[in-house]
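Source file: structure_10.pdb. Holds: PDB, C-alpha atoms.
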ATOM      1  CA  MET A1468     -22.251 -36.801  -3.360
ATOM      2  CA  SER A1469     -18.465 -36.914  -3.336
ATOM      3  CA  ILE A1470     -16.342 -34.129  -4.795
ATOM      4  CA  THR A1471     -13.204 -35.274  -6.590
ATOM      5  CA  LEU A1472     -10.082 -33.214  -5.930
ATOM      6  CA  ASN A1473      -7.366 -32.685  -8.517
ATOM      7  CA  ASP A1474      -3.683 -33.049  -7.610
ATOM      8  CA  ARG A1475      -3.222 -29.353  -6.794
ATOM      9  CA  GLN A1476      -6.292 -29.286  -4.568
ATOM     10  CA  GLN A1477      -5.105 -32.417  -2.777
ATOM     11  CA  GLN A1478      -1.709 -30.810  -2.169
ATOM     12  CA  ILE A1479      -3.388 -27.640  -0.872
ATOM     13  CA  LEU A1480      -5.457 -29.770   1.505
ATOM     14  CA  GLU A1481      -2.320 -31.557   2.723
ATOM     15  CA  ARG A1482      -0.625 -28.199   3.399
ATOM     16  CA  LEU A1483      -3.707 -26.932   5.181
ATOM     17  CA  ASN A1484      -3.843 -30.008   7.400
ATOM     18  CA  ALA A1485      -0.105 -29.848   8.151
ATOM     19  CA  GLU A1486       0.181 -26.096   8.738
ATOM     20  CA  GLY A1487      -3.299 -25.165   9.945
ATOM     21  CA  GLU A1488      -3.538 -22.305   7.453
ATOM     22  CA  VAL A1489      -2.386 -21.395   3.977
ATOM     23  CA  LYS A1490      -1.661 -18.084   2.294
ATOM     24  CA  ILE A1491      -3.071 -17.454  -1.157
ATOM     25  CA  ALA A1492       0.063 -15.636  -2.343
ATOM     26  CA  GLU A1493       2.299 -18.544  -1.300
ATOM     27  CA  LEU A1494       0.050 -21.100  -2.983
ATOM     28  CA  ARG A1495      -0.124 -18.982  -6.138
ATOM     29  CA  GLU A1496       3.661 -18.960  -6.369
ATOM     30  CA  ALA A1497       4.095 -22.608  -5.398
ATOM     31  CA  PHE A1498       1.683 -23.857  -8.057
ATOM     32  CA  ALA A1499       2.326 -21.157 -10.689
ATOM     33  CA  VAL A1500      -1.367 -20.366 -11.123
ATOM     34  CA  THR A1501      -3.475 -17.246 -10.711
ATOM     35  CA  GLU A1502      -4.884 -16.025  -7.427
ATOM     36  CA  MET A1503      -8.377 -16.692  -8.777
ATOM     37  CA  THR A1504      -7.481 -20.341  -9.419
ATOM     38  CA  ILE A1505      -6.308 -20.722  -5.812
ATOM     39  CA  ARG A1506      -9.473 -19.038  -4.541
ATOM     40  CA  ARG A1507     -11.622 -21.434  -6.603
ATOM     41  CA  ASP A1508      -9.628 -24.379  -5.236
ATOM     42  CA  LEU A1509     -10.177 -23.175  -1.667
ATOM     43  CA  GLU A1510     -13.898 -22.660  -2.337
ATOM     44  CA  LYS A1511     -14.120 -26.218  -3.664
ATOM     45  CA  LEU A1512     -12.332 -27.567  -0.585
ATOM     46  CA  GLU A1513     -14.688 -25.631   1.653
ATOM     47  CA  ALA A1514     -17.758 -26.875  -0.239
ATOM     48  CA  ALA A1515     -16.461 -30.416   0.183
ATOM     49  CA  GLY A1516     -16.166 -29.836   3.939
ATOM     50  CA  HIS A1517     -12.371 -29.854   4.041
ATOM     51  CA  ALA A1518     -11.712 -26.248   4.992
TER      52      ALA A1518
END

Give the structure from the file, written as structure tokens.
Amino acid sequence: MSITLNDRQQQILERLNAEGEVKIAELREAFAVTEMTIRRDLEKLEAAGHA
């Protein structure tokens, strides 16, 4: 089963791969979304085996 990532999640994954880590506060500001949205994105990436 493949999990489809939206554009924001793909960009988060690219940052994670490039930088080795990401900070929730920085992502929240960069994407103008809530902290909970970023946490859900990171949980989805982890469930998909990306993080």

- Query: A:Ile1470, A:Glu1510, A:Gln1476, A:Ile1505: which is nearest A:Glu1493, counting all atoms listed in the file?
  - Reply: A:Ile1505

How big is the axis-aligned box, and where does its centre sit, when it encloses all atoms of stretch 1485-1498 of chain A listed in the file and has 6 Å added on every side, reported in Å to one decimal as lines of an AutoDock Vina configuration file?
center_x = 0.3
center_y = -22.7
center_z = 0.9
size_x = 19.6
size_y = 26.2
size_z = 30.0

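Compared by their closest atoms to A:Ile1491, and using all atoms listed in the file, the residues A:Gly1516, A:Thr1471, A:Lys1511, A:Arg1506 rank with A:Arg1506 nearest.
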
- Can you pull out every residue within 12 Å of A:Met1503, counting only C-alpha atoms, but drop anything in the same chain fewer than 4 positions away, and send it as a PyMOL selection string? chain A and resi 1491-1492+1494-1495+1499+1507-1510

Just-selected residues, C-alpha atoms written as a PDB file, in the frame of the given file:
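Output below, filename out.pdb:
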ATOM      1  CA  ILE A1491      -3.071 -17.454  -1.157  1.00  0.00           C
ATOM      2  CA  ALA A1492       0.063 -15.636  -2.343  1.00  0.00           C
ATOM      3  CA  LEU A1494       0.050 -21.100  -2.983  1.00  0.00           C
ATOM      4  CA  ARG A1495      -0.124 -18.982  -6.138  1.00  0.00           C
ATOM      5  CA  ALA A1499       2.326 -21.157 -10.689  1.00  0.00           C
ATOM      6  CA  ARG A1507     -11.622 -21.434  -6.603  1.00  0.00           C
ATOM      7  CA  ASP A1508      -9.628 -24.379  -5.236  1.00  0.00           C
ATOM      8  CA  LEU A1509     -10.177 -23.175  -1.667  1.00  0.00           C
ATOM      9  CA  GLU A1510     -13.898 -22.660  -2.337  1.00  0.00           C
TER      10      GLU A1510
END

- Message: I want to know what sits within 12 Å of A:Leu1483, based on all atoms listed in the file, with residues of the same chain fewer than 3 positions away left out; could you give that as a ChimeraX atom specification?
- Response: /A:1476-1480,1486-1491,1494,1509,1512-1513,1517-1518
